[in-house]
>>> print(open('protein18.csv').read())   # CSV, C-alpha atoms
chain,number,residue,atom,x,y,z
A,29,MET,CA,89.6,93.9,81.2
A,30,ARG,CA,91.0,91.0,83.2
A,31,GLU,CA,87.5,89.5,83.6
A,32,HIS,CA,87.0,89.7,79.8
A,33,ALA,CA,90.4,88.1,79.2
A,34,LYS,CA,89.5,85.2,81.6
A,35,ALA,CA,86.2,84.7,79.8
A,36,VAL,CA,87.9,84.6,76.4
A,37,GLU,CA,90.5,82.2,77.7
A,38,LEU,CA,87.8,79.6,78.3
A,39,TYR,CA,87.5,79.2,74.6
A,40,ASP,CA,90.6,80.6,72.9
A,41,ASP,CA,94.4,80.8,73.4
A,42,ILE,CA,95.4,84.3,74.3
A,43,ASN,CA,98.4,86.5,75.1
A,44,VAL,CA,97.9,89.9,76.8
A,45,ILE,CA,100.0,93.0,76.3
A,46,HIS,CA,99.5,95.4,79.2
A,47,CYS,CA,100.5,98.9,78.1
A,48,ALA,CA,101.7,100.2,81.4
A,49,GLY,CA,102.9,103.5,79.8
A,50,PRO,CA,106.0,105.7,80.1
A,51,ASP,CA,108.8,104.9,82.6
A,52,GLN,CA,111.3,107.7,83.4
A,53,ASN,CA,113.8,105.2,84.8
A,54,LEU,CA,114.2,103.0,81.6
A,55,SER,CA,117.7,102.9,80.2
A,56,LYS,CA,116.4,101.3,77.0
A,57,LEU,CA,113.7,102.7,74.7
A,58,TRP,CA,111.2,100.1,75.7
A,59,ARG,CA,110.8,97.0,77.9
A,60,MET,CA,108.4,94.1,77.9
A,61,GLN,CA,108.4,91.7,80.9
A,62,LEU,CA,106.3,88.6,81.6
A,63,GLU,CA,104.0,89.4,84.5
A,64,MET,CA,104.7,86.9,87.3
A,65,ASP,CA,101.9,87.8,89.7
A,66,GLU,CA,99.5,84.8,89.4
A,67,ASN,CA,96.8,86.7,91.3
A,68,LEU,CA,96.8,89.2,88.5
A,69,THR,CA,97.2,87.0,85.4
A,70,LYS,CA,95.2,84.0,86.6
A,71,GLY,CA,97.5,81.8,84.3
A,72,ILE,CA,97.0,83.9,81.2
A,73,PRO,CA,100.4,84.9,79.5
A,74,THR,CA,100.6,88.6,80.2
A,75,TYR,CA,103.3,91.0,79.3
A,76,ARG,CA,103.8,94.4,81.0
A,77,LEU,CA,105.0,96.9,78.4
A,78,CYS,CA,106.6,100.3,79.2
A,79,TYR,CA,108.7,102.8,77.3
A,80,ARG,CA,111.0,105.7,77.8
A,81,PRO,CA,109.2,109.1,77.5
A,82,PHE,CA,109.8,110.8,74.2
A,83,PRO,CA,112.0,113.9,74.6
A,84,ILE,CA,109.7,116.0,72.4
A,85,PRO,CA,106.7,117.3,74.2
A,86,LYS,CA,103.2,116.0,73.2
A,87,THR,CA,104.6,113.2,71.1
A,88,TRP,CA,104.4,110.4,73.8
A,89,TYR,CA,101.6,108.7,71.9
A,90,LEU,CA,103.9,108.1,68.9
A,91,MET,CA,106.3,106.3,71.3
A,92,HIS,CA,103.3,104.4,72.7
A,93,ILE,CA,102.4,103.1,69.2
A,94,TRP,CA,106.0,102.2,68.4
A,95,ALA,CA,106.5,100.3,71.6
A,96,VAL,CA,103.3,98.3,71.1
A,97,LEU,CA,104.5,97.4,67.6
A,98,GLN,CA,107.8,96.2,69.1
A,99,ALA,CA,106.0,94.1,71.7
A,100,PHE,CA,103.8,92.6,69.1
A,101,ARG,CA,106.8,91.6,67.0
A,102,ARG,CA,108.5,90.1,70.0
A,103,ILE,CA,105.5,87.9,70.9
A,104,VAL,CA,105.2,86.7,67.3
A,105,SER,CA,108.9,85.9,67.2
A,106,GLN,CA,108.3,83.7,70.3
A,107,GLY,CA,105.8,81.6,68.4
A,108,PHE,CA,102.4,83.2,69.2
A,109,ASP,CA,100.9,84.0,65.8
A,110,PRO,CA,97.5,85.7,66.5
A,111,ASP,CA,94.4,85.3,64.3
A,112,ILE,CA,92.6,88.2,66.0
A,113,ILE,CA,93.8,91.4,67.7
A,114,HIS,CA,91.4,92.4,70.5
A,115,ALA,CA,92.1,95.8,72.0
A,116,HIS,CA,90.5,97.3,75.1
A,117,THR,CA,89.7,101.1,74.9
A,118,TYR,CA,90.3,103.3,71.9
A,119,ASP,CA,93.8,104.3,73.0
A,120,ALA,CA,94.9,100.7,72.6
A,121,GLY,CA,92.8,100.5,69.4
A,122,VAL,CA,95.0,102.8,67.4
A,123,PRO,CA,98.2,100.7,67.5
A,124,ALA,CA,96.0,97.6,67.2
A,125,ALA,CA,94.5,99.0,64.0
A,126,LEU,CA,97.9,99.9,62.5
A,127,ILE,CA,99.3,96.4,63.3
A,128,GLY,CA,96.2,94.8,61.9
A,129,LYS,CA,96.6,96.7,58.7
A,130,VAL,CA,100.3,95.9,58.3
A,131,TYR,CA,99.9,92.2,59.1
A,132,GLY,CA,96.4,91.6,57.7
A,133,ILE,CA,94.9,90.6,61.1
A,134,PRO,CA,91.3,91.5,62.0
A,135,VAL,CA,91.0,93.9,64.9
A,136,ILE,CA,88.2,94.1,67.5
A,137,VAL,CA,87.9,96.8,70.1
A,138,THR,CA,86.0,96.7,73.4
A,139,GLU,CA,85.2,100.0,75.0
A,140,HIS,CA,84.6,100.6,78.7
A,141,THR,CA,85.3,104.3,79.4
A,142,THR,CA,82.8,106.7,80.9
A,143,ALA,CA,84.6,109.6,79.1
A,144,PHE,CA,82.2,109.3,76.2
A,145,PRO,CA,78.9,109.7,78.1
A,146,ARG,CA,80.5,112.4,80.3
A,147,LYS,CA,81.6,114.3,77.2
A,148,LEU,CA,85.2,114.4,78.3
A,149,VAL,CA,86.7,113.2,75.0
A,150,GLY,CA,88.5,116.1,73.4
A,151,GLY,CA,89.7,116.9,69.9
A,152,LEU,CA,92.7,114.5,69.8
A,153,GLY,CA,90.7,111.9,71.7
A,154,ILE,CA,87.9,112.1,69.2
A,155,PHE,CA,90.4,111.7,66.3
A,156,THR,CA,92.0,108.8,68.0
A,157,ALA,CA,88.7,107.1,68.8
A,158,ARG,CA,87.4,107.6,65.2
A,159,PHE,CA,90.6,106.2,63.8
A,160,ALA,CA,90.5,103.1,65.9
A,161,PHE,CA,86.7,102.4,65.8
A,162,GLU,CA,86.3,103.0,62.1
A,163,ARG,CA,89.1,100.6,61.2
A,164,ALA,CA,88.0,97.9,63.5
A,165,GLU,CA,86.0,95.0,62.2
A,166,ILE,CA,83.7,95.4,65.2
A,167,VAL,CA,83.5,97.7,68.2
A,168,MET,CA,82.0,96.2,71.4
A,169,PRO,CA,80.8,98.8,74.0
A,170,VAL,CA,79.7,97.3,77.3
A,171,SER,CA,76.3,98.9,77.2
A,172,LYS,CA,73.8,100.4,74.8
A,173,SER,CA,74.1,103.7,76.6
A,174,LEU,CA,77.9,103.8,75.9
A,175,GLN,CA,77.3,103.0,72.2
A,176,LYS,CA,74.9,105.9,71.9
A,177,ALA,CA,77.4,108.2,73.6
A,178,ILE,CA,80.1,107.2,71.1
A,179,GLU,CA,77.8,107.7,68.2
A,180,GLY,CA,76.9,111.1,69.7
A,181,TYR,CA,80.5,112.2,68.7
A,182,GLY,CA,79.6,111.4,65.0
A,183,ILE,CA,81.7,108.2,65.1
A,184,LYS,CA,80.5,105.5,62.8
A,185,ALA,CA,81.5,101.8,63.3
A,186,HIS,CA,80.1,98.3,63.3
A,187,PHE,CA,78.8,98.1,66.9
A,188,LYS,CA,77.7,95.1,69.0
A,189,VAL,CA,77.1,95.4,72.8
A,190,ILE,CA,79.1,92.9,74.8
A,191,PRO,CA,78.6,93.3,78.5
A,192,ASN,CA,81.0,93.1,81.4
A,193,VAL,CA,81.7,89.8,83.1
A,194,PHE,CA,81.7,88.1,86.5
A,195,ASP,CA,83.1,84.8,87.8
A,196,ALA,CA,80.1,82.6,88.7
A,197,ASN,CA,82.4,80.2,90.6
A,198,LEU,CA,83.2,83.1,93.0
A,199,PHE,CA,80.0,85.2,93.0
A,200,ASN,CA,76.9,83.2,93.9
A,201,PRO,CA,74.3,83.2,96.6
A,202,GLY,CA,75.9,80.3,98.4
A,203,SER,CA,73.9,78.6,101.1
A,204,ALA,CA,70.4,79.9,102.1
A,205,HIS,CA,70.6,83.5,103.4
A,206,GLN,CA,69.2,84.0,106.9
A,207,LEU,CA,67.8,87.5,107.3
A,208,ASP,CA,68.5,89.3,110.6
A,209,ASN,CA,65.2,90.9,111.4
A,210,GLN,CA,66.9,93.3,113.8
A,211,LEU,CA,69.5,94.7,111.4
A,212,ASN,CA,69.6,95.0,107.6
A,213,ARG,CA,73.1,94.9,106.2
A,214,LEU,CA,73.6,97.5,103.5
A,215,LEU,CA,76.8,97.1,101.3
A,216,PHE,CA,78.7,99.5,99.1
A,217,VAL,CA,81.8,98.5,97.1
A,218,GLY,CA,83.8,101.0,95.1
A,219,LEU,CA,86.7,103.4,94.8
A,220,LEU,CA,86.7,106.3,97.2
A,221,ASP,CA,87.9,109.0,94.9
A,222,PRO,CA,87.8,112.8,95.1
A,223,SER,CA,85.6,113.2,92.1
A,224,HIS,CA,82.8,111.5,94.1
A,225,LYS,CA,81.7,109.7,91.0
A,226,LYS,CA,80.4,106.7,93.1
A,227,GLY,CA,78.1,109.1,94.9
A,228,VAL,CA,79.3,108.4,98.4
A,229,PRO,CA,78.4,111.9,99.8
A,230,TYR,CA,74.8,111.4,98.6
A,231,LEU,CA,74.7,108.0,100.2
A,232,LEU,CA,75.9,109.3,103.5
A,233,SER,CA,73.4,112.2,103.3
A,234,ALA,CA,70.6,109.7,102.5
A,235,LEU,CA,71.5,107.5,105.5
A,236,ALA,CA,71.4,110.6,107.8
A,237,MET,CA,67.8,111.1,106.6
A,238,LEU,CA,67.1,107.4,107.0
A,239,ARG,CA,68.3,107.4,110.6
A,240,GLN,CA,65.7,110.0,111.5
A,241,HIS,CA,63.1,107.4,111.0
A,242,ARG,CA,64.7,104.0,111.7
A,243,ASN,CA,67.8,102.3,113.0
A,244,ASP,CA,67.3,98.8,111.7
A,245,TRP,CA,70.3,98.9,109.3
A,246,HIS,CA,74.1,99.1,109.0
A,247,LEU,CA,76.3,100.1,106.0
A,248,ASP,CA,79.5,98.3,105.2
A,249,ILE,CA,81.8,100.2,102.8
A,250,LEU,CA,84.4,98.1,101.0
A,251,GLY,CA,87.1,100.0,99.1
A,252,ASP,CA,89.7,102.7,99.5
A,253,GLY,CA,91.0,105.8,97.9
A,254,PRO,CA,92.1,109.4,98.4
A,255,ALA,CA,88.7,110.5,99.6
A,256,ARG,CA,88.4,107.9,102.4
A,257,ALA,CA,89.4,110.4,105.1
A,258,GLU,CA,87.0,113.0,103.8
A,259,TYR,CA,84.2,110.4,103.9
A,260,GLU,CA,85.1,109.3,107.4
A,261,VAL,CA,84.8,112.9,108.6
A,262,MET,CA,81.5,113.3,106.7
A,263,THR,CA,80.3,110.1,108.4
A,264,ALA,CA,81.1,111.6,111.8
A,265,ASP,CA,79.5,114.9,111.0
A,266,PHE,CA,76.3,113.1,110.1
A,267,GLY,CA,76.4,111.2,113.4
A,268,LEU,CA,76.7,107.9,111.6
A,269,ASP,CA,79.9,106.5,113.2
A,270,ASP,CA,77.9,103.6,114.8
A,271,LYS,CA,76.0,102.9,111.6
A,272,VAL,CA,78.8,102.9,108.9
A,273,THR,CA,82.0,100.8,108.9
A,274,PHE,CA,84.9,101.4,106.5
A,275,HIS,CA,86.6,98.1,105.8
A,276,GLY,CA,89.2,99.3,103.3
A,277,LEU,CA,90.4,97.2,100.3
A,278,LYS,CA,89.3,93.6,100.1
A,279,THR,CA,90.1,90.7,97.7
A,280,LYS,CA,87.5,89.4,95.3
A,281,GLU,CA,87.0,86.4,97.5
A,282,GLU,CA,86.3,88.7,100.5
A,283,ILE,CA,84.0,90.9,98.6
A,284,ALA,CA,82.0,87.8,97.5
A,285,GLU,CA,81.7,86.7,101.1
A,286,PHE,CA,80.5,90.2,102.2
A,287,MET,CA,77.9,90.1,99.4
A,288,ARG,CA,76.5,86.7,100.5
A,289,LYS,CA,76.1,88.0,104.0
A,290,ALA,CA,74.5,91.4,103.0
A,291,ASP,CA,70.8,92.2,102.5
A,292,ILE,CA,70.9,95.1,100.1
A,293,PHE,CA,73.5,96.4,97.7
A,294,VAL,CA,73.8,100.2,97.2
A,295,LEU,CA,75.6,101.9,94.4
A,296,PRO,CA,74.6,105.6,94.1
A,297,SER,CA,77.0,106.4,91.2
A,298,LEU,CA,76.9,109.7,89.3
A,299,TRP,CA,78.4,108.0,86.2
A,300,GLU,CA,78.7,104.4,85.1
A,301,ASN,CA,78.8,102.2,82.1
A,302,LEU,CA,78.0,98.6,83.1
A,303,PRO,CA,79.6,98.3,86.6
A,304,CYS,CA,81.1,94.8,87.3
A,305,VAL,CA,80.4,95.2,91.0
A,306,LEU,CA,76.7,95.6,90.3
A,307,ILE,CA,76.7,92.4,88.3
A,308,GLU,CA,78.6,90.6,91.1
A,309,ALA,CA,76.1,91.8,93.7
A,310,MET,CA,73.2,90.5,91.5
A,311,ALA,CA,75.1,87.2,91.1
A,312,CYS,CA,75.1,86.9,94.9
A,313,GLY,CA,71.3,87.5,94.9
A,314,LEU,CA,71.3,91.0,96.4
A,315,PRO,CA,68.4,93.4,95.7
A,316,VAL,CA,69.9,96.7,94.5
A,317,VAL,CA,69.4,100.4,95.0
A,318,SER,CA,71.3,102.3,92.3
A,319,THR,CA,71.0,105.2,89.9
A,320,LEU,CA,69.6,106.0,86.5
A,321,THR,CA,73.0,106.4,84.7
A,322,GLY,CA,74.9,104.7,81.9
A,323,GLY,CA,74.0,101.1,81.4
A,324,ILE,CA,72.6,100.5,84.9
A,325,PRO,CA,68.9,100.8,83.7
A,326,GLU,CA,69.7,98.0,81.1
A,327,MET,CA,70.5,95.7,84.0
A,328,ILE,CA,68.2,96.6,86.9
A,329,HIS,CA,64.4,96.2,86.6
A,330,GLU,CA,61.4,95.4,88.8
A,331,GLY,CA,62.2,92.4,91.0
A,332,ILE,CA,65.9,93.2,91.2
A,333,GLY,CA,65.8,96.7,92.7
A,334,ILE,CA,65.1,100.4,92.5
A,335,LEU,CA,66.8,103.1,90.5
A,336,VAL,CA,66.9,106.9,91.4
A,337,ALA,CA,68.3,110.0,89.7
A,338,PRO,CA,72.0,110.5,90.4
A,339,GLY,CA,72.7,112.9,93.3
A,340,ASP,CA,69.1,112.7,94.7
A,341,ALA,CA,69.8,111.9,98.4
A,342,THR,CA,66.1,112.2,99.4
A,343,LYS,CA,64.9,109.6,96.9
A,344,LEU,CA,67.9,107.4,97.6
A,345,SER,CA,66.9,107.4,101.3
A,346,ARG,CA,63.3,106.6,100.5
A,347,SER,CA,64.3,103.8,98.1
A,348,ILE,CA,66.6,102.2,100.7
A,349,ALA,CA,63.7,102.3,103.2
A,350,GLN,CA,61.3,100.8,100.6
A,351,ILE,CA,63.7,97.9,99.9
A,352,ILE,CA,64.1,97.3,103.6
A,353,ASP,CA,60.4,97.2,104.1
A,354,SER,CA,59.9,94.7,101.2
A,355,ILE,CA,63.1,92.7,101.6
A,356,ASP,CA,61.3,89.4,102.0
A,357,GLU,CA,59.6,89.9,98.6
A,358,PHE,CA,62.9,89.6,96.7
A,359,ASP,CA,63.9,86.2,95.5
A,360,ARG,CA,67.7,86.0,95.8
A,361,ARG,CA,68.0,82.9,93.7
A,362,ALA,CA,65.9,84.5,90.9
A,363,ILE,CA,68.1,87.7,91.0
A,364,ALA,CA,71.3,85.5,90.8
A,365,GLN,CA,69.7,83.6,87.8
A,366,GLN,CA,69.3,87.0,86.0
A,367,ALA,CA,73.0,87.6,86.4
A,368,LEU,CA,74.1,84.5,84.6
A,369,GLN,CA,73.8,86.3,81.2
A,370,TYR,CA,77.0,88.1,82.4
A,371,SER,CA,78.9,85.0,83.4
A,372,SER,CA,82.4,84.2,82.1
A,373,GLU,CA,81.0,81.2,80.2
A,374,SER,CA,78.2,83.2,78.6
A,375,VAL,CA,80.2,86.2,77.6
A,376,GLY,CA,83.3,84.2,76.6
A,377,ARG,CA,81.2,82.0,74.3
A,378,LEU,CA,79.7,85.1,72.7
A,379,ILE,CA,83.1,86.7,72.1
A,380,HIS,CA,84.4,83.4,70.7
A,381,SER,CA,81.5,83.3,68.2
A,382,ILE,CA,82.5,86.9,67.1
A,383,TYR,CA,86.1,85.9,66.7
A,384,LYS,CA,85.1,83.0,64.4
A,385,ASN,CA,83.2,85.4,62.2
A,386,TYR,CA,86.3,87.5,61.6
A,387,LEU,CA,89.1,84.9,61.4
A,388,ARG,CA,91.6,85.4,58.6
A,389,LYS,CA,90.5,83.4,55.5
>>> encode(input="protein18.csv", output="structure tokens")
Amino acid sequence: MREHAKAVELYDDINVIHCAGPDQNLSKLWRMQLEMDENLTKGIPTYRLCYRPFPIPKTWYLMHIWAVLQAFRRIVSQGFDPDIIHAHTYDAGVPAALIGKVYGIPVIVTEHTTAFPRKLVGGLGIFTARFAFERAEIVMPVSKSLQKAIEGYGIKAHFKVIPNVFDANLFNPGSAHQLDNQLNRLLFVGLLDPSHKKGVPYLLSALAMLRQHRNDWHLDILGDGPARAEYEVMTADFGLDDKVTFHGLKTKEEIAEFMRKADIFVLPSLWENLPCVLIEAMACGLPVVSTLTGGIPEMIHEGIGILVAPGDATKLSRSIAQIIDSIDEFDRRAIAQQALQYSSESVGRLIHSIYKNYLRK
């Protein structure tokens, strides 16, 4: 969401309301504070909104809608009169649609969540999504796969796929990459969560198979989460302690540097839409081994990498070996060029043109 906001800010003046949710410690009904963390906002006026939990069970969402309306009124009273309301995710789309109706402002919704393709959206969620999407001027899922998943719920809307975004100033191939013929650097970046949705157990299993045949590789894992300890034990059990390094959380700048020094990017996710980290890896010129899920097949084709079925450790292992054996056939500059369609400038310009189509007359 932040990367989308940064892309839009290249062409338009924006304010952001971050709906942080309920806060038990609030003495007032709601609070909106200007976010002061420059690393988070990147200079974009951003307001963190929270509200006191409603005393009646299962009515928190009404308080959420009311608080967003109050925040909107506050921003308007401070002199920012929006021509467009752009909500991210269907939850935010409902108060946006109501505000748009009251004030006569066009509403646009971007959708990112994997809940639709995973069939996790329940009755109230379906009602909420339908309410938001069918009242928006346009709904912008980040992949064709996500659009089909939303439509699979019987939700009708005006859809246009607008992809996720990367910062080309940060993620790029850099200077010429020098391959180490003795050791191929594999890189994984992602949240280490107990649902295993990034497929880390299958990756470790695949590497255990790979080690039976060759030792000319090393995996760097960037990221943290509740499952890190479990994955570290799994790594030891597979006898991979000397072949896998857990580096923990890294900044965007540090991730970009790791990508420039890596040889292959591996993302064995069980579920995805259009992962930003995969775009960033492409932008650094990395050949990719990933999975046939969500919008990933819309991004990765011959010349960029290999895709396997989610959860298939055997094919994942073989594909990593195949990329290692053909590593000199991949043109890192050409891969990076393919990623430019997802740059802040490209996507920001596209969203700006959509805004112009729906400006208030």
>>> atom_distance(input="protein18.csv", atom1="CA of Val336 (chain A)", atom2="CA of Gly180 (chain A)")
24.3 Å
>>> residues_near_point(input="protein18.csv", point="(83.4, 108.1, 65.6)", cutoff="9 Å", atoms="all atoms listed in the file", output="list in words")
Ile154, Phe155, Thr156, Ala157, Arg158, Phe159, Ala160, Phe161, Glu162, Ile178, Glu179, Gly180, Tyr181, Gly182, Ile183, Lys184 and Ala185 of chain A
>>> atom_distance(input="protein18.csv", atom1="CA of Leu174 (chain A)", atom2="CA of Val137 (chain A)")
13.5 Å
>>> closest_residue(input="protein18.csv", among="A:Ala264, A:Ala124, A:Ile136, A:Leu152", to="Pro169 (chain A)", atoms="all atoms listed in the file")
A:Ile136
>>> atom_distance(input="protein18.csv", atom1="CA of Asn385 (chain A)", atom2="CA of Gln366 (chain A)")
27.6 Å
>>> closest_residue(input="protein18.csv", among="A:Val104, A:Val272, A:Leu302, A:Ala115", to="Glu326 (chain A)", atoms="all atoms listed in the file")
A:Leu302
>>> closest_residue(input="protein18.csv", among="A:Thr273, A:Asn43, A:Thr142, A:Gln98", to="Leu214 (chain A)", atoms="only C-alpha atoms")
A:Thr273
>>> residues_around(input="protein18.csv", residues="Leu378 (chain A)", least_positions_apart="6", cutoff="10 Å", atoms="all atoms listed in the file", output="PyMOL selection string")
chain A and resi 35-36+39+190+372
>>> write_last_selection(input="protein18.csv", atoms="C-alpha atoms", output="mmCIF file, keeping the file's coordinate frame")
data_model
loop_
_atom_site.group_PDB
_atom_site.id
_atom_site.type_symbol
_atom_site.label_atom_id
_atom_site.label_comp_id
_atom_site.auth_asym_id
_atom_site.auth_seq_id
_atom_site.Cartn_x
_atom_site.Cartn_y
_atom_site.Cartn_z
ATOM 1 C CA ALA A 35 86.200 84.700 79.800
ATOM 2 C CA VAL A 36 87.900 84.600 76.400
ATOM 3 C CA TYR A 39 87.500 79.200 74.600
ATOM 4 C CA ILE A 190 79.100 92.900 74.800
ATOM 5 C CA SER A 372 82.400 84.200 82.100
#
>>> closest_residue(input="protein18.csv", among="A:Leu235, A:Ala367, A:Ile355, A:Ala255", to="Asp221 (chain A)", atoms="only C-alpha atoms")
A:Ala255
>>> closest_residue(input="protein18.csv", among="A:Asp119, A:Asp252, A:Asp111, A:Asp359", to="Pro134 (chain A)", atoms="all atoms listed in the file")
A:Asp111
>>> residues_around(input="protein18.csv", residues="Ser354 (chain A)", least_positions_apart="3", cutoff="12 Å", atoms="all atoms listed in the file", output="JSON, numbers by chain")
{"A": [212, 291, 292, 315, 331, 332, 333, 334, 347, 348, 349, 350, 351, 357, 358, 359]}
>>> closest_residue(input="protein18.csv", among="A:Asp353, A:Thr138, A:Leu250, A:Gly153", to="Phe187 (chain A)", atoms="only C-alpha atoms")
A:Thr138
>>> residues_near_point(input="protein18.csv", point="(94.5, 82.2, 73.6)", cutoff="12 Å", atoms="all atoms listed in the file", output="list of chain:residue names")
A:Ala33, A:Lys34, A:Ala35, A:Val36, A:Glu37, A:Leu38, A:Tyr39, A:Asp40, A:Asp41, A:Ile42, A:Asn43, A:Val44, A:Gly71, A:Ile72, A:Pro73, A:Thr74, A:Phe108, A:Asp109, A:Pro110, A:Asp111, A:Ile112, A:Ile113, A:His114, A:Gly376, A:His380, A:Tyr383
>>> residues_around(input="protein18.csv", residues="Asp269 (chain A)", least_positions_apart="6", cutoff="12 Å", atoms="all atoms listed in the file", output="list of chain:residue names")
A:Leu232, A:Leu235, A:Ala236, A:Arg239, A:His246, A:Leu247, A:Asp248, A:Tyr259, A:Glu260, A:Val261, A:Met262, A:Thr263
>>> residues_around(input="protein18.csv", residues="Leu231 (chain A)", least_positions_apart="4", cutoff="9 Å", atoms="all atoms listed in the file", output="PDB file with C-alpha atoms, in the frame of the given file")
ATOM      1  CA  GLY A 227      78.100 109.100  94.900  1.00  0.00           C
ATOM      2  CA  LEU A 235      71.500 107.500 105.500  1.00  0.00           C
ATOM      3  CA  ALA A 236      71.400 110.600 107.800  1.00  0.00           C
ATOM      4  CA  VAL A 294      73.800 100.200  97.200  1.00  0.00           C
ATOM      5  CA  LEU A 295      75.600 101.900  94.400  1.00  0.00           C
ATOM      6  CA  PRO A 296      74.600 105.600  94.100  1.00  0.00           C
ATOM      7  CA  GLY A 339      72.700 112.900  93.300  1.00  0.00           C
ATOM      8  CA  ALA A 341      69.800 111.900  98.400  1.00  0.00           C
ATOM      9  CA  LEU A 344      67.900 107.400  97.600  1.00  0.00           C
ATOM     10  CA  SER A 345      66.900 107.400 101.300  1.00  0.00           C
TER      11      SER A 345
END
>>> residues_around(input="protein18.csv", residues="Thr342 (chain A)", least_positions_apart="3", cutoff="8 Å", atoms="only C-alpha atoms", output="count of residues only")
4
>>> build_atoms(input="protein18.csv", residues="region 110-123 of chain A", atoms="N, CA and C atoms", output="compact mmCIF listing (two decimals), in the frame of the given file")
# COMPACT_ATOMS: atom_id res chain seq x y z
N PRO A 110 98.90 85.48 66.24
CA PRO A 110 97.50 85.70 66.50
C PRO A 110 96.60 85.73 65.25
N ASP A 111 95.40 85.21 65.39
CA ASP A 111 94.40 85.30 64.30
C ASP A 111 93.53 86.52 64.48
N ILE A 112 93.45 87.04 65.70
CA ILE A 112 92.60 88.20 66.00
C ILE A 112 93.44 89.11 66.96
N ILE A 113 93.32 90.41 66.76
CA ILE A 113 93.80 91.40 67.70
C ILE A 113 92.64 92.01 68.43
N HIS A 114 92.57 91.86 69.73
CA HIS A 114 91.40 92.40 70.50
C HIS A 114 91.98 93.47 71.44
N ALA A 115 91.66 94.72 71.16
CA ALA A 115 92.10 95.80 72.00
C ALA A 115 91.02 96.29 72.93
N HIS A 116 91.43 96.76 74.10
CA HIS A 116 90.50 97.30 75.10
C HIS A 116 90.73 98.80 75.22
N THR A 117 89.74 99.59 74.92
CA THR A 117 89.70 101.10 74.90
C THR A 117 90.31 101.60 73.59
N TYR A 118 89.86 102.77 73.21
CA TYR A 118 90.30 103.30 71.90
C TYR A 118 91.73 103.70 71.86
N ASP A 119 92.34 104.03 73.01
CA ASP A 119 93.80 104.30 73.00
C ASP A 119 94.58 103.14 72.52
N ALA A 120 94.22 101.95 73.01
CA ALA A 120 94.90 100.70 72.60
C ALA A 120 94.46 100.35 71.16
N GLY A 121 93.30 100.85 70.75
CA GLY A 121 92.80 100.50 69.40
C GLY A 121 93.58 101.06 68.28
N VAL A 122 94.26 102.19 68.48
CA VAL A 122 95.00 102.80 67.40
C VAL A 122 96.22 101.92 67.00
N PRO A 123 97.15 101.57 67.92
CA PRO A 123 98.20 100.70 67.50
C PRO A 123 97.71 99.33 67.03
